[in-house]
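To start, the structure itself, in C-alpha cells.
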Amino acid sequence: MNFIKNNGWGILLCLLIAIPCWFLGRLVPVVGGPVFAILIGMVITIFIKDKPHTQTGINYTSKKILQFAVVLLGFGMNLTDILQKGQQSLPIIISTITTSLLIAFVLYKALKMPSKISTLIGVGSSICGGSAIAATAPVIGANDEEIAQSISVIFLFNVIAALIFPTLGGMLGLSNEGFGLFAGTAINDTSSVTAAAAAWDGIHHSNTLDSATIVKLTRTLAIIPITLVLAFYRTRKEKHQSSSKVSLKKIFPFFILFFVLASVVTTVFNLPATITNPLKELSKFFIIMAMAAIGLNTDIVKLVKTGGKPIFMGLCCWVGIAAVSLLMQHLLGIW
C-alpha cells in the first residue's frame with residue numbers, strides 16, 4: 001500500500017502520457033513514441049513545475065520501469081537466429097561501434113563536454129539509439145536531463161537518416177543486401193531502420209526489411225559488453241576519487257544480467273512469436289512511459305540552450321558510422 005501511496009500518482013501520470021504517445025508512434029514511426037513522450041512531458045513541465053504528489057512516482061518510472069523495459073527487450077532476441085543470420089555483418093558492426101565511441105571520446109576531450117552526455121551519445125549512436133541509452137544511463141548515473149539531451153540528438157539524426165538513406169543508397173548503387181547492411185549498421189534506432197528499409201523496399205520492390213532488422217538486433221547485443229565495461233570503469237574511477245569504499249554491487253547493472261537471461265530463455269526454449277511479440281511490445285510501451293517521466297523531469301529551455309555541442313557530436317558520430325559502414329562493405333566485397 002505504501003508503494004501505491006508514494007508512487008501511484010506519478011506512475012499514473014506517466015501512463016496517461018504514454019498511451020496517446022504509443023499510438024502517435026505507430027502513426028509516425030520515423031519519430032517514434034519515446035520522442036513524443038519526452039516532448040509532451042517537457043511541455044507539461046513548463047506549466048506545472050511543482051509536482052509534489054507525483055514526483056516520487058515520476059522518478060520511479062524514469063529509473064525502475066526503464067530498467068524493466070530493457071529486461072523485457074531480451075525476450076525479443078533469439079541468440080541463435082541473430083548470430084546465424086547476423087554474423088556477416090559483425091565486422092561492419094564492430095567497426096562502426098568502435099568509430100562512434102572513438103569520435104565521441106575525441107570530441108568529449110576537444111570540446112570539454114560533460115562525460116555522461118558524451119558517453120550516452122556515443123553509445124546511442126553506435127548501438128541502438130534509445131534502447132542503448134536506456135541501458136547505459138543507470139550504469140553511469142546519468143540524470144534525466146542528460147538522458148533527454150542524448151535521446152533528442154539521436155532522434156534528430158534518426159529522422160534525417162530514415163528520410164535520405166533510401167535515396168542515398170540508390171545514388172551509390174547499393175544492392176538490396178548492401179542497403180540492408182547499411183541501414184542496419186548506420187541508423188541508430190530500430191524504428192528508423194525499419195522505416196528506411198521499408199521505403200527502400202517500396203522503391204526497389206525488394207525484401208531488405210528482414211535483413212536490416214536482423215543486423216540491427218545483432219548490434220543491440222553490444223549493450224551487454226558495453227554496459228559491463230562502463231560499470232567496472234565507473235567503480236574504478238570512484239574508488240580513486242573517494243577515500244570511502246565503493247561498492248561494485250551498487251553500480252553493477254544487474255538488470256543487464258536479467259536482459260541476458262531473458263535472451264537465453266528465448267533461445268533455449270525457442271519461444272514462439274505469440275509469446276515474445278507481446279513482451280517486446282510491452283518493453284516498447286514501458287520505454288515510452290519512462291521517456292514521459294524523463295520529459296517531466298527536464299527543463300526544455302536549458303536543453304535548447306546547451307544543445308549545440310551535443311548535436312555536433314551526434315552529427316560527427318552519425319557521419320563517421322555511415323562512412324565506415326560503406327567503406328567496410330566495399331572492402332568486404334558486399335557493395
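Letters A, B, ... go to the chains of the C-alpha cells in the order shown; residues in each chain start at 1; ligands are counted from 1 in the same order.
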Per-residue nearest contacts of region 188-295 of chain A to region 173-182 of chain A (8 Å; only C-alpha atoms) as CSV:
residue,atom,partner,partner_atom,distance
A:Ala197,CA,A:Gly180,CA,6.9
A:Ser206,CA,A:Asn176,CA,6.9
A:Asn207,CA,A:Asn176,CA,7.7
A:Thr208,CA,A:Gly180,CA,5.3
A:Leu209,CA,A:Gly180,CA,7.0
A:Ser211,CA,A:Gly180,CA,5.7
A:Ala212,CA,A:Gly180,CA,4.3
A:Val215,CA,A:Leu181,CA,6.6
Exercise for review: Give me the residues within 12 Å of Val123 (chain A) as a ChimeraX atom specification, counting only C-alpha atoms and dropping any in the same chain fewer than 5 places off.
Suggested key: /A:96-105,116-118,128-137,140,147,150-151,154,188-189,219-220,222-227,230,313-314,317-318,321
Just write the chosen residues, N, CA and C atoms, as a compact mmCIF listing (two decimals), in the first residue's frame.
# COMPACT_ATOMS: atom_id res chain seq x y z
N THR A 96 31.83 0.04 -36.88
CA THR A 96 31.01 1.25 -36.67
C THR A 96 30.90 1.60 -35.19
N ILE A 97 30.78 0.59 -34.33
CA ILE A 97 30.71 0.86 -32.89
C ILE A 97 32.02 1.49 -32.41
N THR A 98 33.14 0.93 -32.85
CA THR A 98 34.44 1.47 -32.47
C THR A 98 34.60 2.91 -32.96
N THR A 99 34.17 3.16 -34.20
CA THR A 99 34.27 4.51 -34.77
C THR A 99 33.48 5.52 -33.96
N SER A 100 32.23 5.18 -33.64
CA SER A 100 31.38 6.11 -32.90
C SER A 100 31.95 6.41 -31.51
N LEU A 101 32.41 5.38 -30.81
CA LEU A 101 32.94 5.59 -29.46
C LEU A 101 34.23 6.42 -29.49
N LEU A 102 35.06 6.18 -30.50
CA LEU A 102 36.30 6.97 -30.62
C LEU A 102 36.00 8.43 -30.93
N ILE A 103 35.06 8.67 -31.86
CA ILE A 103 34.69 10.05 -32.20
C ILE A 103 34.12 10.76 -30.97
N ALA A 104 33.24 10.06 -30.24
CA ALA A 104 32.65 10.67 -29.04
C ALA A 104 33.72 10.99 -28.01
N PHE A 105 34.70 10.10 -27.84
CA PHE A 105 35.76 10.33 -26.86
C PHE A 105 36.64 11.52 -27.27
N LYS A 116 29.07 12.29 -19.19
CA LYS A 116 27.91 11.39 -19.26
C LYS A 116 27.12 11.58 -20.55
N ILE A 117 26.92 12.83 -20.97
CA ILE A 117 26.24 13.09 -22.24
C ILE A 117 27.06 12.53 -23.38
N SER A 118 28.37 12.71 -23.33
CA SER A 118 29.25 12.19 -24.39
C SER A 118 29.14 10.68 -24.48
N CYS A 128 22.14 1.14 -30.44
CA CYS A 128 20.72 1.05 -30.83
C CYS A 128 19.91 2.19 -30.28
N GLY A 129 20.43 3.40 -30.38
CA GLY A 129 19.64 4.57 -30.05
C GLY A 129 19.10 4.58 -28.64
N GLY A 130 17.76 4.76 -28.54
CA GLY A 130 17.12 4.92 -27.25
C GLY A 130 17.29 3.74 -26.31
N SER A 131 17.28 2.51 -26.86
CA SER A 131 17.43 1.32 -26.01
C SER A 131 18.81 1.29 -25.36
N ALA A 132 19.84 1.64 -26.12
CA ALA A 132 21.20 1.65 -25.57
C ALA A 132 21.35 2.74 -24.52
N ILE A 133 20.74 3.89 -24.77
CA ILE A 133 20.78 4.97 -23.78
C ILE A 133 20.05 4.56 -22.52
N ALA A 134 18.91 3.88 -22.70
CA ALA A 134 18.14 3.40 -21.55
C ALA A 134 18.94 2.42 -20.71
N ALA A 135 19.71 1.57 -21.36
CA ALA A 135 20.51 0.58 -20.64
C ALA A 135 21.74 1.19 -19.99
N THR A 136 22.33 2.18 -20.65
CA THR A 136 23.59 2.76 -20.18
C THR A 136 23.40 3.80 -19.08
N ALA A 137 22.33 4.57 -19.17
CA ALA A 137 22.12 5.69 -18.24
C ALA A 137 22.19 5.30 -16.77
N ILE A 140 25.96 4.57 -15.64
CA ILE A 140 26.89 5.69 -15.47
C ILE A 140 26.33 6.77 -14.55
N ILE A 147 19.80 12.31 -20.16
CA ILE A 147 19.15 11.30 -20.99
C ILE A 147 18.31 11.96 -22.08
N SER A 150 20.49 13.46 -24.84
CA SER A 150 21.09 12.44 -25.70
C SER A 150 20.05 11.85 -26.66
N ILE A 151 18.87 11.54 -26.13
CA ILE A 151 17.84 10.96 -26.99
C ILE A 151 17.37 11.97 -28.04
N ILE A 154 19.95 11.82 -30.81
CA ILE A 154 19.80 10.58 -31.57
C ILE A 154 18.58 10.65 -32.48
N ASN A 188 20.50 4.65 -36.14
CA ASN A 188 20.59 4.38 -34.71
C ASN A 188 19.46 3.54 -34.14
N ASP A 189 18.23 3.90 -34.41
CA ASP A 189 17.09 3.32 -33.71
C ASP A 189 16.33 2.33 -34.59
N ARG A 219 23.47 -5.74 -33.60
CA ARG A 219 24.10 -4.57 -32.97
C ARG A 219 23.66 -4.42 -31.52
N THR A 220 22.37 -4.69 -31.27
CA THR A 220 21.81 -4.49 -29.94
C THR A 220 22.53 -5.33 -28.89
N ALA A 222 25.49 -5.66 -28.41
CA ALA A 222 26.66 -4.93 -27.88
C ALA A 222 26.33 -4.19 -26.59
N ILE A 223 25.03 -4.04 -26.28
CA ILE A 223 24.65 -3.45 -24.99
C ILE A 223 25.32 -4.18 -23.84
N ILE A 224 25.43 -5.50 -23.95
CA ILE A 224 25.92 -6.31 -22.83
C ILE A 224 27.37 -5.97 -22.47
N PRO A 225 28.33 -6.12 -23.41
CA PRO A 225 29.71 -5.80 -23.01
C PRO A 225 29.94 -4.33 -22.70
N ILE A 226 29.26 -3.45 -23.42
CA ILE A 226 29.48 -2.01 -23.21
C ILE A 226 29.05 -1.61 -21.80
N THR A 227 27.87 -2.04 -21.36
CA THR A 227 27.39 -1.65 -20.03
C THR A 227 28.24 -2.27 -18.92
N LEU A 230 31.48 -0.28 -18.72
CA LEU A 230 31.22 1.03 -18.10
C LEU A 230 31.01 0.90 -16.59
N MET A 313 28.36 16.64 -31.83
CA MET A 313 28.92 15.31 -31.57
C MET A 313 28.07 14.24 -32.24
N GLY A 314 26.76 14.35 -32.12
CA GLY A 314 25.87 13.39 -32.76
C GLY A 314 26.04 13.36 -34.26
N CYS A 317 29.39 11.57 -35.07
CA CYS A 317 29.25 10.11 -34.87
C CYS A 317 28.45 9.49 -36.01
N TRP A 318 27.37 10.13 -36.38
CA TRP A 318 26.48 9.63 -37.43
C TRP A 318 27.18 9.56 -38.78
N ILE A 321 29.90 6.81 -38.67
CA ILE A 321 29.34 5.46 -38.77
C ILE A 321 28.92 5.14 -40.19
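Counting only C-alpha atoms, the residue from A:Leu331, A:Leu221, A:Leu279, A:Ala231 that sits nearest to Ile94 (chain A) is A:Leu221.
Shortest atom-to-atom contact with Ser95 (chain A) among A:Thr298, A:Ser192, A:Thr185, A:Asn158: A:Thr185, counting only C-alpha atoms.
The two atoms in question, CA of Leu217 (chain A) and CA of Met77 (chain A), are spaced 7.3 Å apart.
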Check your understanding: Residues of region 233-316 of chain A in helix (DSSP H, G or I) according to DSSP, as a PyMOL selection string?
Key -> chain A and resi 233-241+248-251+254-268+273-296+300-305+308-316
